>>> print(open('structure10.cif').read())   # mmCIF, C-alpha atoms and all ligand atoms
data_coords
#
loop_
_atom_site.label_atom_id
_atom_site.label_comp_id
_atom_site.auth_asym_id
_atom_site.auth_seq_id
_atom_site.Cartn_x
_atom_site.Cartn_y
_atom_site.Cartn_z
CA MET A 20 0.00 0.00 0.00
CA LYS A 21 1.19 3.53 -0.76
CA GLU A 22 1.27 5.98 2.13
CA GLU A 23 -1.00 8.31 0.19
CA ARG A 24 -3.69 5.60 -0.08
CA LEU A 25 -3.35 4.84 3.63
CA PHE A 26 -4.11 8.44 4.57
CA GLU A 27 -6.90 8.65 1.99
CA LEU A 28 -8.60 5.77 3.83
CA VAL A 29 -7.88 7.27 7.26
CA ASN A 30 -9.44 10.54 6.14
CA THR A 31 -12.75 8.76 5.50
CA ILE A 32 -13.13 7.97 9.24
CA GLU A 33 -16.25 9.63 10.66
CA ASP A 34 -17.65 10.36 14.07
CA LEU A 35 -20.46 8.13 15.40
CA ASP A 36 -24.12 8.52 14.39
CA TYR A 37 -25.49 10.72 17.20
CA ALA A 38 -29.12 10.47 16.09
CA ALA A 39 -28.92 6.66 16.37
CA MET A 40 -27.26 7.02 19.79
CA ASP A 41 -30.03 9.34 21.02
CA ALA A 42 -32.65 6.82 19.91
CA ALA A 43 -30.72 4.01 21.64
CA ARG A 44 -30.43 6.00 24.89
CA LYS A 45 -34.16 6.75 24.78
CA ARG A 46 -34.94 3.06 24.38
CA GLU A 47 -32.61 2.17 27.30
CA ASP A 48 -34.49 4.72 29.40
CA SER A 49 -37.83 3.22 28.37
CA LEU A 50 -36.87 -0.28 29.60
CA ALA A 51 -38.35 -1.51 32.87
CA LYS A 52 -35.53 -0.51 35.24
CA PRO A 53 -34.39 2.51 37.20
CA PRO A 54 -32.68 4.79 34.68
CA GLY A 55 -29.04 3.89 34.04
CA SER A 56 -29.19 0.82 36.30
CA LEU A 57 -27.67 -1.44 33.67
CA GLY A 58 -24.64 0.83 33.71
CA ARG A 59 -22.01 0.10 31.11
CA LEU A 60 -24.19 -2.47 29.38
CA GLU A 61 -26.35 0.50 28.39
CA ASP A 62 -23.34 2.56 27.26
CA ILE A 63 -22.06 -0.31 25.12
CA ALA A 64 -25.43 -0.77 23.41
CA VAL A 65 -25.58 2.98 22.72
CA GLN A 66 -22.03 2.89 21.31
CA LEU A 67 -22.95 -0.03 19.01
CA SER A 68 -25.89 2.04 17.72
CA GLY A 69 -23.56 4.96 17.07
CA ILE A 70 -21.26 2.68 15.06
CA SER A 71 -23.91 0.88 12.98
CA GLY A 72 -26.54 3.64 12.81
CA GLU A 73 -29.11 0.99 13.87
CA LEU A 74 -31.11 0.73 17.10
CA HIS A 75 -30.84 -3.05 17.30
CA ASN A 76 -27.46 -4.76 16.92
CA ASN A 77 -25.91 -8.12 17.56
CA VAL A 78 -22.31 -9.31 17.77
CA ASP A 79 -23.02 -12.94 16.99
CA LYS A 80 -20.45 -13.31 14.20
CA SER A 81 -17.18 -12.43 15.88
CA CYS A 82 -13.50 -12.82 15.11
CA ILE A 83 -10.11 -12.05 16.64
CA VAL A 84 -7.30 -10.90 14.36
CA ILE A 85 -3.97 -12.16 15.67
CA MET A 86 -0.94 -10.39 14.20
CA CYS A 87 2.10 -12.65 14.51
CA SER A 88 5.65 -11.41 14.07
CA ASP A 89 9.18 -11.48 15.48
CA ASN A 90 11.20 -8.64 16.91
CA GLY A 91 14.95 -8.18 16.32
CA VAL A 92 15.37 -6.62 19.76
CA VAL A 93 15.25 -10.09 21.36
CA GLU A 94 19.00 -10.27 20.51
CA GLU A 95 19.46 -7.97 23.52
CA GLY A 96 18.10 -10.54 25.97
CA VAL A 97 14.87 -8.65 26.76
CA SER A 98 12.70 -11.80 26.80
CA SER A 99 13.07 -15.04 28.68
CA ALA A 100 11.14 -17.11 26.13
CA PRO A 101 12.96 -18.26 22.99
CA GLN A 102 11.96 -16.65 19.69
CA SER A 103 10.75 -20.02 18.42
CA VAL A 104 7.66 -19.64 20.66
CA THR A 105 6.26 -17.12 18.15
CA LEU A 106 6.07 -19.74 15.38
CA ALA A 107 4.95 -22.55 17.70
CA GLN A 108 2.04 -20.52 19.11
CA THR A 109 1.05 -19.19 15.69
CA ILE A 110 0.63 -22.79 14.53
CA ASN A 111 -1.19 -23.66 17.77
CA PHE A 112 -3.73 -20.88 17.13
CA THR A 113 -4.96 -22.82 14.10
CA ARG A 114 -5.38 -25.89 16.33
CA ARG A 115 -7.28 -23.87 18.98
CA LEU A 116 -4.79 -25.04 21.58
CA THR A 117 -3.58 -21.69 22.95
CA GLY A 118 -5.20 -19.51 25.62
CA VAL A 119 -7.10 -17.45 23.07
CA GLY A 120 -7.72 -20.54 20.93
CA THR A 121 -9.54 -22.47 23.63
CA LEU A 122 -11.59 -19.46 24.75
CA ALA A 123 -12.49 -18.62 21.15
CA LYS A 124 -13.50 -22.21 20.41
CA TYR A 125 -15.62 -22.41 23.54
CA PHE A 126 -17.39 -19.13 22.80
CA ASN A 127 -17.76 -19.70 19.06
CA THR A 128 -15.42 -16.97 17.87
CA ASP A 129 -13.27 -17.22 14.74
CA LEU A 130 -9.53 -16.48 14.62
CA MET A 131 -7.83 -14.67 11.77
CA VAL A 132 -4.17 -15.59 12.18
CA VAL A 133 -1.76 -13.45 10.16
CA ASP A 134 1.99 -13.90 9.66
CA LEU A 135 3.56 -10.45 9.24
CA GLY A 136 7.15 -11.43 9.95
CA ILE A 137 7.73 -14.65 11.88
CA ASN A 138 11.45 -15.40 11.84
CA ALA A 139 10.97 -18.90 10.41
CA ASP A 140 9.34 -20.65 7.48
CA VAL A 141 5.75 -21.51 8.29
CA PRO A 142 4.91 -25.01 6.94
CA LYS A 143 3.44 -24.48 3.45
CA GLU A 144 0.36 -26.61 4.11
CA LEU A 145 -0.68 -24.19 6.89
CA LEU A 146 -0.40 -21.04 4.77
CA VAL A 147 -3.07 -19.32 2.67
CA THR A 148 -3.10 -16.01 0.82
CA ASP A 149 -6.86 -15.46 0.67
CA THR A 150 -8.34 -13.85 3.78
CA LEU A 151 -11.78 -15.43 3.39
CA GLU A 152 -13.29 -18.74 2.29
CA THR A 153 -16.84 -19.68 1.36
CA ILE A 154 -18.36 -22.87 2.73
CA GLY A 155 -21.94 -23.33 1.51
CA SER A 156 -23.56 -19.94 2.01
CA GLU A 157 -21.15 -18.90 4.78
CA VAL A 158 -18.14 -16.66 4.25
CA ARG A 159 -15.61 -16.97 7.07
CA VAL A 160 -11.89 -16.58 7.74
CA PRO A 161 -9.90 -19.73 6.95
CA ASN A 162 -8.53 -21.85 9.77
CA LYS A 163 -5.00 -21.34 8.42
CA ILE A 164 -2.22 -18.76 8.67
CA ILE A 165 -2.67 -15.84 6.28
CA ASP A 166 0.65 -15.16 4.58
CA ARG A 167 1.51 -11.47 4.66
CA LYS A 168 5.17 -11.93 5.64
CA LEU A 169 7.14 -8.74 4.99
CA LYS A 170 10.46 -10.06 6.29
CA LYS A 171 11.73 -12.61 8.77
CA GLY A 172 11.50 -10.35 11.83
CA THR A 173 12.31 -6.69 12.33
CA CYS A 174 15.83 -5.31 12.83
CA ASN A 175 17.18 -4.88 16.35
CA LEU A 176 15.80 -1.47 17.34
CA ALA A 177 18.60 -1.03 19.88
CA LYS A 178 21.05 -0.85 16.98
CA GLU A 179 19.04 0.52 14.02
CA PRO A 180 15.46 1.41 13.08
CA ALA A 181 13.23 -1.67 13.46
CA MET A 182 11.96 -1.25 9.89
CA THR A 183 11.78 1.19 7.02
CA ARG A 184 8.93 3.67 6.78
CA GLN A 185 7.57 1.80 3.75
CA GLU A 186 7.55 -1.48 5.74
CA ALA A 187 5.57 0.24 8.50
CA VAL A 188 3.07 1.54 5.92
CA GLU A 189 2.78 -1.97 4.39
CA ALA A 190 2.10 -3.51 7.80
CA ILE A 191 -0.54 -0.87 8.63
CA GLY A 192 -2.05 -1.62 5.21
CA VAL A 193 -2.32 -5.33 6.08
CA GLY A 194 -4.24 -4.38 9.22
CA LEU A 195 -6.65 -2.26 7.19
CA GLU A 196 -7.09 -5.07 4.67
CA MET A 197 -8.04 -7.53 7.44
CA ALA A 198 -10.67 -5.14 8.86
CA ARG A 199 -12.09 -4.55 5.38
CA ASP A 200 -12.42 -8.28 4.72
CA LEU A 201 -14.01 -9.00 8.11
CA LYS A 202 -16.66 -6.40 7.26
CA LYS A 203 -17.08 -7.98 3.82
CA ALA A 204 -17.64 -11.41 5.41
CA GLY A 205 -20.37 -10.06 7.69
CA TYR A 206 -18.54 -10.14 11.03
CA SER A 207 -20.28 -7.77 13.42
CA ILE A 208 -17.38 -7.28 15.86
CA PHE A 209 -13.70 -8.14 16.05
CA GLY A 210 -10.89 -8.11 18.58
CA ILE A 211 -7.19 -7.47 18.06
CA GLY A 212 -4.47 -9.69 19.50
CA GLU A 213 -0.89 -10.64 18.71
CA MET A 214 1.91 -13.11 19.16
CA GLY A 215 5.52 -11.97 19.11
CA ILE A 216 8.29 -12.64 21.56
CA GLY A 217 9.88 -9.28 22.43
CA ASN A 218 6.80 -7.18 21.75
CA THR A 219 6.41 -5.82 25.29
CA THR A 220 9.73 -4.01 24.67
CA THR A 221 8.57 -2.46 21.39
CA SER A 222 5.19 -1.60 22.93
CA ALA A 223 6.78 0.16 25.91
CA ALA A 224 8.98 2.17 23.53
CA VAL A 225 6.05 3.17 21.31
CA LEU A 226 3.86 4.06 24.31
CA SER A 227 6.55 6.28 25.87
CA ALA A 228 7.29 7.85 22.48
CA LEU A 229 3.62 8.68 21.84
CA THR A 230 2.72 9.90 25.32
CA GLY A 231 5.93 11.04 27.01
CA LEU A 232 5.26 8.52 29.80
CA LEU A 233 8.40 7.60 31.75
CA VAL A 234 10.19 4.35 30.97
CA VAL A 235 9.54 3.14 34.54
CA GLU A 236 5.85 3.54 33.79
CA THR A 237 5.83 1.65 30.49
CA VAL A 238 8.47 -1.10 30.70
CA GLY A 239 7.27 -4.24 32.43
CA LYS A 240 8.36 -7.82 32.76
CA GLY A 241 6.44 -9.16 29.77
CA GLY A 242 6.44 -12.94 29.70
CA GLY A 243 8.82 -12.85 32.71
CA ILE A 244 12.50 -11.88 32.88
CA THR A 245 15.37 -11.73 35.35
CA GLU A 246 16.08 -8.52 37.27
CA GLN A 247 19.24 -8.03 35.19
CA SER A 248 17.37 -8.32 31.88
CA PHE A 249 14.67 -6.00 33.21
CA VAL A 250 17.30 -3.31 33.86
CA ARG A 251 18.66 -3.82 30.32
CA LYS A 252 15.13 -3.65 28.86
CA ARG A 253 14.57 -0.26 30.51
CA GLU A 254 17.99 1.00 29.37
CA ILE A 255 17.27 0.07 25.76
CA VAL A 256 13.90 1.82 25.73
CA GLU A 257 15.37 4.90 27.46
CA GLU A 258 18.22 5.01 24.96
CA VAL A 259 16.09 4.80 21.79
CA LEU A 260 13.67 7.46 23.04
CA LYS A 261 16.66 9.80 23.55
CA ARG A 262 18.23 8.84 20.23
CA TYR A 263 15.13 9.76 18.23
CA GLU A 264 13.99 12.57 20.57
CA PHE A 265 10.59 10.96 21.04
CA THR A 266 9.01 12.72 24.03
CA GLY A 267 5.29 12.52 23.34
CA GLN A 268 5.27 15.77 21.35
CA GLU A 269 1.88 16.68 19.85
CA ASP A 270 3.20 16.71 16.28
CA LEU A 271 4.88 13.27 16.41
CA ASP A 272 4.82 11.29 13.18
CA VAL A 273 3.22 8.02 14.35
CA VAL A 274 4.33 6.03 11.29
CA ASP A 275 7.92 7.10 12.02
CA VAL A 276 7.61 5.99 15.66
CA LEU A 277 6.23 2.58 14.63
CA ALA A 278 8.99 2.18 12.04
CA LYS A 279 11.87 3.08 14.35
CA VAL A 280 10.88 1.47 17.65
CA GLY A 281 7.78 -0.63 16.88
CA GLY A 282 7.17 -4.00 15.27
CA PHE A 283 5.30 -5.43 12.29
CA ASP A 284 2.64 -6.76 14.69
CA LEU A 285 2.13 -3.37 16.37
CA ALA A 286 1.92 -1.59 13.00
CA ALA A 287 -0.58 -4.10 11.58
CA MET A 288 -2.67 -3.91 14.75
CA THR A 289 -2.68 -0.11 14.44
CA GLY A 290 -3.97 -0.59 10.89
CA SER A 291 -6.77 -2.88 12.08
CA PHE A 292 -7.86 -0.38 14.75
CA LEU A 293 -7.99 2.27 12.03
CA GLY A 294 -9.80 -0.20 9.77
CA ALA A 295 -12.50 -0.76 12.40
CA ALA A 296 -13.31 2.96 12.17
CA VAL A 297 -12.97 3.12 8.36
CA TYR A 298 -15.34 0.14 7.88
CA LYS A 299 -17.54 0.94 10.91
CA LEU A 300 -17.12 -2.14 13.07
CA PRO A 301 -16.86 -2.25 16.87
CA VAL A 302 -13.37 -3.38 17.88
CA VAL A 303 -12.16 -4.86 21.17
CA ILE A 304 -8.78 -4.06 22.74
CA ASP A 305 -6.98 -6.97 24.42
CA GLY A 306 -3.80 -6.54 26.48
CA PHE A 307 -0.78 -4.26 26.59
CA ILE A 308 0.37 -4.56 22.98
CA SER A 309 -3.19 -4.16 21.75
CA ALA A 310 -3.73 -1.05 23.91
CA VAL A 311 -0.54 0.54 22.57
CA ALA A 312 -1.63 -0.12 18.98
CA ALA A 313 -5.02 1.42 19.86
CA MET A 314 -3.16 4.47 21.16
CA ALA A 315 -1.14 4.72 17.93
CA ALA A 316 -4.38 4.54 15.90
CA VAL A 317 -6.01 7.28 17.99
CA LYS A 318 -2.94 9.49 17.50
CA ILE A 319 -3.39 9.03 13.74
CA SER A 320 -7.18 9.54 13.81
CA PRO A 321 -8.88 10.65 17.07
CA PHE A 322 -12.31 9.39 15.92
CA ALA A 323 -10.89 5.82 15.88
CA LYS A 324 -11.33 5.75 19.68
CA LYS A 325 -15.11 5.87 19.36
CA TYR A 326 -15.14 2.41 17.75
CA MET A 327 -13.08 0.80 20.54
CA ILE A 328 -14.12 -1.21 23.59
CA ALA A 329 -11.47 -2.17 26.17
CA SER A 330 -11.85 -5.75 27.36
CA HIS A 331 -9.72 -6.09 30.49
CA VAL A 332 -6.99 -4.56 32.63
CA SER A 333 -3.77 -6.39 31.83
CA LYS A 334 -1.33 -6.87 34.71
CA GLU A 335 1.54 -5.78 32.47
CA GLN A 336 3.20 -2.58 33.70
CA GLY A 337 2.14 0.19 31.36
CA TYR A 338 -1.30 -1.13 30.57
CA SER A 339 -3.20 1.09 33.00
CA HIS A 340 -1.19 4.10 31.83
CA ALA A 341 -2.01 3.26 28.21
CA LEU A 342 -5.72 2.96 28.95
CA LYS A 343 -5.70 6.17 30.99
CA ALA A 344 -3.99 7.95 28.11
CA LEU A 345 -6.64 6.53 25.80
CA GLY A 346 -9.41 7.56 28.19
CA LEU A 347 -11.31 4.28 27.94
CA PRO A 348 -12.76 2.17 30.77
CA ALA A 349 -12.03 -1.59 30.80
CA MET A 350 -14.68 -4.20 31.56
CA LEU A 351 -12.84 -7.01 33.30
CA HIS A 352 -10.32 -7.22 36.14
CA LEU A 353 -9.02 -10.77 35.87
CA ASP A 354 -5.25 -10.23 36.26
CA LEU A 355 -4.65 -11.53 32.72
CA ARG A 356 -1.29 -10.83 31.06
CA LEU A 357 -1.20 -13.36 28.26
CA GLY A 358 -1.94 -11.30 25.18
CA GLU A 359 -2.87 -13.25 22.00
CA GLY A 360 -6.31 -11.56 22.08
CA SER A 361 -7.34 -13.72 25.06
CA GLY A 362 -9.48 -11.00 26.68
CA CYS A 363 -11.60 -10.60 23.54
CA PRO A 364 -13.79 -13.76 23.59
CA LEU A 365 -14.68 -12.97 27.23
CA ALA A 366 -15.53 -9.37 26.36
CA PHE A 367 -17.70 -10.49 23.43
CA GLN A 368 -19.96 -12.35 25.91
CA ILE A 369 -20.56 -9.16 27.89
CA ILE A 370 -21.23 -7.19 24.72
CA ARG A 371 -23.72 -9.90 23.73
CA GLY A 372 -25.40 -9.26 27.06
CA ALA A 373 -25.61 -5.54 26.25
CA CYS A 374 -27.31 -6.43 22.92
CA ALA A 375 -29.71 -8.88 24.61
CA VAL A 376 -30.93 -6.16 26.99
CA MET A 377 -31.38 -3.64 24.19
CA ASN A 378 -33.13 -6.12 21.92
CA HIS A 379 -35.26 -8.18 24.31
CA MET A 380 -35.92 -6.47 27.61
CA ALA A 381 -39.48 -5.26 28.25
CA THR A 382 -40.29 -1.55 28.28
CA PHE A 383 -42.25 -0.06 31.18
CA ALA A 384 -45.36 -0.23 29.01
CA GLU A 385 -44.78 -3.87 28.06
CA ALA A 386 -44.08 -4.76 31.69
CA GLU A 387 -47.25 -2.92 32.68
CA ILE A 388 -45.43 -0.66 35.12
CA ASN A 389 -46.51 2.93 35.44
CA ASP A 390 -43.42 5.08 34.91
CA ASP A 391 -44.79 8.37 36.31
CA TYR A 392 -42.22 8.15 39.13
CA LEU A 393 -39.36 8.37 36.61
CA GLU A 394 -39.59 12.18 36.48
CA GLU A 395 -38.93 12.27 40.25
CA ILE A 396 -36.26 9.58 40.26
CA ARG A 397 -34.28 11.37 37.54
CA LYS A 398 -33.86 14.37 39.87
CA LEU A 399 -32.23 12.19 42.56
CA ASP A 400 -28.50 11.83 42.83
CA PHE A 401 -27.52 8.17 43.36
O1 LIG A 501 -0.95 -8.35 26.28
C1 LIG A 501 -0.39 -8.35 27.38
O2 LIG A 501 -0.82 -7.70 28.32
C2 LIG A 501 0.89 -9.15 27.51
C3 LIG A 501 1.70 -9.00 28.61
C4 LIG A 501 2.84 -9.77 28.69
C5 LIG A 501 3.18 -10.66 27.68
N1 LIG A 501 2.37 -10.77 26.60
C6 LIG A 501 2.71 -11.76 25.54
O3 LIG A 501 4.03 -12.23 25.69
C7 LIG A 501 4.82 -11.99 24.56
C8 LIG A 501 5.74 -10.83 24.77
O4 LIG A 501 6.44 -10.93 25.96
P1 LIG A 501 7.99 -10.56 25.98
O5 LIG A 501 8.40 -10.75 27.42
O6 LIG A 501 8.66 -11.51 25.06
O7 LIG A 501 8.10 -9.15 25.52
C9 LIG A 501 3.86 -11.69 23.42
O8 LIG A 501 3.66 -12.84 22.64
C10 LIG A 501 2.58 -11.25 24.11
O9 LIG A 501 1.46 -11.86 23.51
C11 LIG A 501 1.24 -10.05 26.50
C1 LIG A 502 4.30 -20.07 26.03
C2 LIG A 502 3.96 -18.64 25.67
C3 LIG A 502 2.70 -18.34 25.15
C4 LIG A 502 2.41 -17.01 24.82
N1 LIG A 502 1.32 -16.42 24.33
C5 LIG A 502 1.54 -15.13 24.20
N2 LIG A 502 2.77 -14.86 24.59
C6 LIG A 502 3.36 -16.00 25.00
C7 LIG A 502 4.62 -16.28 25.52
C8 LIG A 502 4.91 -17.61 25.86
C9 LIG A 502 6.26 -17.92 26.42
#
>>> encode(input="structure10.cif", output="structure tokens")
Amino acid sequence: MKEERLFELVNTIEDLDYAAMDAARKREDSLAKPPGSLGRLEDIAVQLSGISGELHNNVDKSCIVIMCSDNGVVEEGVSSAPQSVTLAQTINFTRRLTGVGTLAKYFNTDLMVVDLGINADVPKELLVTDTLETIGSEVRVPNKIIDRKLKKGTCNLAKEPAMTRQEAVEAIGVGLEMARDLKKAGYSIFGIGEMGIGNTTTSAAVLSALTGLLVVETVGKGGGITEQSFVRKREIVEEVLKRYEFTGQEDLDVVDVLAKVGGFDLAAMTGSFLGAAVYKLPVVIDGFISAVAAMAAVKISPFAKKYMIASHVSKEQGYSHALKALGLPAMLHLDLRLGEGSGCPLAFQIIRGACAVMNHMATFAEAEINDDYLEEIRKLDF
């Protein structure tokens, strides 16, 4: 994708449909309950109306895009897990054996597994190039690994830029392509996850670069590291932020940040968050890496935030800061810190609940309850 085309698409992003949201809020208020008593379930239903322009929505056909890629910075010893875990888990996604795989299978959610830059050859029989397949009358994502490999891993960001600007644009373009095709296949919601050993280092660097947050606030222990490696991880992030003078300035070039200190996974995830807004689909944020990509998307297009729903509060250092910077509330406090998109299938169930209330709950009139008292109750502060 050319950079010009990327920004053409980004410039089509619109604000939500406020008339549809007003109608949705009115319906929530007409349901047989004290006003606002279904809390965030009401807000979510109203948000879905703002995204689709419809009063009634469902999120029954759901998918999680998992961007898989390797990071050259692992040469510096910033991760305890070997790089080979990236390939192994990417293959395991297709077998539904991973954390996100088992949850997705149990809750009937599809996985769109994409290889952006795994540092190994994926077995040919597991690769496909098409993003969708038709079985009978159903169009779905294939249960294979979609081949969009740009390179076998990024460069070591401690020594040189992780990728070229054009590679970052290509990766963002892949993310947009995946969102477009999910919309085409009739998915009504998607989540964004990843797999990439070393990506808590790149995410911390991108988050500090975009927000000016201190390295102590953004660098965490990822999949688990020794105290010595943790010190080195912080030093590396500190050093690259100084080198490129990334201090959270307002006019930062986000594509440049992703290219110099990000990863193919982060860039593609940023593209998918933007794509959710371009193609008007609700999109669920998973863990730390996902939240940082969401932040990058919002820095590119502020309206992108309105299409996002945060699933859970990851235990990874930096996550809460990222979400605070985004200004979004999270639904679940489960002490997860796995990544992969594992918070998304859980969040989809809650969002289904929000749709069920909006679509099926009785109004005061249907429940044969006189709502004259509502005028009084609305004046109370509780
Ligand atoms: O999403 C999170 O909150 C999260 C927190 C810690 C680790 N991870 C996962 O662990 C991997 C990165 O960890 P690391 O230590 O290699 O940077 C990557 O595959 C992520 O999916 C994910
Ligand atoms: C086993 C394993 C699974 C993962 N899933 C996401 N990141 C991971 C890191 C490791 C090490």
>>> residues_around(input="structure10.cif", residues="Ser320 (chain A)", least_positions_apart="4", cutoff="12 Å", atoms="all atoms listed in the file", output="PDB file with C-alpha atoms, in the coordinates of the input")
ATOM      1  CA  LEU A  25      -3.350   4.840   3.630  1.00  0.00           C
ATOM      2  CA  PHE A  26      -4.110   8.440   4.570  1.00  0.00           C
ATOM      3  CA  GLU A  27      -6.900   8.650   1.990  1.00  0.00           C
ATOM      4  CA  LEU A  28      -8.600   5.770   3.830  1.00  0.00           C
ATOM      5  CA  VAL A  29      -7.880   7.270   7.260  1.00  0.00           C
ATOM      6  CA  ASN A  30      -9.440  10.540   6.140  1.00  0.00           C
ATOM      7  CA  THR A  31     -12.750   8.760   5.500  1.00  0.00           C
ATOM      8  CA  ILE A  32     -13.130   7.970   9.240  1.00  0.00           C
ATOM      9  CA  GLU A  33     -16.250   9.630  10.660  1.00  0.00           C
ATOM     10  CA  ASP A  34     -17.650  10.360  14.070  1.00  0.00           C
ATOM     11  CA  VAL A 273       3.220   8.020  14.350  1.00  0.00           C
ATOM     12  CA  THR A 289      -2.680  -0.110  14.440  1.00  0.00           C
ATOM     13  CA  GLY A 290      -3.970  -0.590  10.890  1.00  0.00           C
ATOM     14  CA  PHE A 292      -7.860  -0.380  14.750  1.00  0.00           C
ATOM     15  CA  LEU A 293      -7.990   2.270  12.030  1.00  0.00           C
ATOM     16  CA  GLY A 294      -9.800  -0.200   9.770  1.00  0.00           C
ATOM     17  CA  ALA A 295     -12.500  -0.760  12.400  1.00  0.00           C
ATOM     18  CA  ALA A 296     -13.310   2.960  12.170  1.00  0.00           C
ATOM     19  CA  VAL A 297     -12.970   3.120   8.360  1.00  0.00           C
ATOM     20  CA  ALA A 313      -5.020   1.420  19.860  1.00  0.00           C
ATOM     21  CA  MET A 314      -3.160   4.470  21.160  1.00  0.00           C
ATOM     22  CA  ALA A 315      -1.140   4.720  17.930  1.00  0.00           C
ATOM     23  CA  ALA A 316      -4.380   4.540  15.900  1.00  0.00           C
ATOM     24  CA  LYS A 324     -11.330   5.750  19.680  1.00  0.00           C
ATOM     25  CA  LYS A 325     -15.110   5.870  19.360  1.00  0.00           C
ATOM     26  CA  TYR A 326     -15.140   2.410  17.750  1.00  0.00           C
TER      27      TYR A 326
END
>>> residues_around(input="structure10.cif", residues="Met40 (chain A)", least_positions_apart="4", cutoff="9 Å", atoms="only C-alpha atoms", output="PyMOL selection string")
chain A and resi 35-36+44-45+64-70+72-74
>>> write_last_selection(input="structure10.cif", atoms="C-alpha atoms", output="PDB file, in the coordinates of the input")
ATOM      1  CA  LEU A  35     -20.460   8.130  15.400  1.00  0.00           C
ATOM      2  CA  ASP A  36     -24.120   8.520  14.390  1.00  0.00           C
ATOM      3  CA  ARG A  44     -30.430   6.000  24.890  1.00  0.00           C
ATOM      4  CA  LYS A  45     -34.160   6.750  24.780  1.00  0.00           C
ATOM      5  CA  ALA A  64     -25.430  -0.770  23.410  1.00  0.00           C
ATOM      6  CA  VAL A  65     -25.580   2.980  22.720  1.00  0.00           C
ATOM      7  CA  GLN A  66     -22.030   2.890  21.310  1.00  0.00           C
ATOM      8  CA  LEU A  67     -22.950  -0.030  19.010  1.00  0.00           C
ATOM      9  CA  SER A  68     -25.890   2.040  17.720  1.00  0.00           C
ATOM     10  CA  GLY A  69     -23.560   4.960  17.070  1.00  0.00           C
ATOM     11  CA  ILE A  70     -21.260   2.680  15.060  1.00  0.00           C
ATOM     12  CA  GLY A  72     -26.540   3.640  12.810  1.00  0.00           C
ATOM     13  CA  GLU A  73     -29.110   0.990  13.870  1.00  0.00           C
ATOM     14  CA  LEU A  74     -31.110   0.730  17.100  1.00  0.00           C
TER      15      LEU A  74
END
>>> atom_distance(input="structure10.cif", atom1="CA of Thr150 (chain A)", atom2="CA of Arg114 (chain A)")
17.6 Å
>>> residues_near_ligand(input="structure10.cif", ligand="ligand LIG 501 (chain A)", cutoff="6 Å", atoms="only C-alpha atoms and all ligand atoms", output="ChimeraX atom specification")
/A:98,213-220,241-243,306-308,333,335,356-359
>>> atom_distance(input="structure10.cif", atom1="CA of Gly212 (chain A)", atom2="CA of Lys80 (chain A)")
17.2 Å
>>> residues_around(input="structure10.cif", residues="Leu300 (chain A)", least_positions_apart="6", cutoff="8 Å", atoms="all atoms listed in the file", output="MDAnalysis selection string")
chainID A and resid 70:71 202 207:209 326
>>> atom_distance(input="structure10.cif", atom1="CA of Gly120 (chain A)", atom2="CA of Leu355 (chain A)")
15.2 Å
>>> build_atoms(input="structure10.cif", residues="region 261-271 of chain A", atoms="N, CA and C atoms", output="PDB file, keeping the file's coordinate frame")
ATOM      1  N   LYS A 261      15.712   8.656  23.607  1.00  0.00           N
ATOM      2  CA  LYS A 261      16.660   9.800  23.550  1.00  0.00           C
ATOM      3  C   LYS A 261      17.197   9.950  22.144  1.00  0.00           C
ATOM      4  N   ARG A 262      17.598   8.805  21.559  1.00  0.00           N
ATOM      5  CA  ARG A 262      18.230   8.840  20.230  1.00  0.00           C
ATOM      6  C   ARG A 262      17.326   9.541  19.208  1.00  0.00           C
ATOM      7  N   TYR A 263      16.040   9.200  19.240  1.00  0.00           N
ATOM      8  CA  TYR A 263      15.130   9.760  18.230  1.00  0.00           C
ATOM      9  C   TYR A 263      14.360  10.991  18.736  1.00  0.00           C
ATOM     10  N   GLU A 264      14.686  11.414  19.951  1.00  0.00           N
ATOM     11  CA  GLU A 264      13.990  12.570  20.570  1.00  0.00           C
ATOM     12  C   GLU A 264      12.470  12.411  20.546  1.00  0.00           C
ATOM     13  N   PHE A 265      12.026  11.212  20.928  1.00  0.00           N
ATOM     14  CA  PHE A 265      10.590  10.960  21.040  1.00  0.00           C
ATOM     15  C   PHE A 265      10.160  11.262  22.478  1.00  0.00           C
ATOM     16  N   THR A 266       9.394  12.334  22.659  1.00  0.00           N
ATOM     17  CA  THR A 266       9.010  12.720  24.030  1.00  0.00           C
ATOM     18  C   THR A 266       7.504  12.955  24.162  1.00  0.00           C
ATOM     19  N   GLY A 267       6.733  12.343  23.270  1.00  0.00           N
ATOM     20  CA  GLY A 267       5.290  12.520  23.340  1.00  0.00           C
ATOM     21  C   GLY A 267       4.824  13.854  22.778  1.00  0.00           C
ATOM     22  N   GLN A 268       5.669  14.483  21.936  1.00  0.00           N
ATOM     23  CA  GLN A 268       5.270  15.770  21.350  1.00  0.00           C
ATOM     24  C   GLN A 268       3.965  15.613  20.559  1.00  0.00           C
ATOM     25  N   GLU A 269       3.176  16.677  20.546  1.00  0.00           N
ATOM     26  CA  GLU A 269       1.880  16.680  19.850  1.00  0.00           C
ATOM     27  C   GLU A 269       2.008  16.334  18.372  1.00  0.00           C
ATOM     28  N   ASP A 270       3.076  16.836  17.748  1.00  0.00           N
ATOM     29  CA  ASP A 270       3.200  16.710  16.280  1.00  0.00           C
ATOM     30  C   ASP A 270       4.007  15.473  15.861  1.00  0.00           C
ATOM     31  N   LEU A 271       4.105  14.477  16.758  1.00  0.00           N
ATOM     32  CA  LEU A 271       4.880  13.270  16.410  1.00  0.00           C
ATOM     33  C   LEU A 271       4.309  12.565  15.182  1.00  0.00           C
TER      34      LEU A 271
END
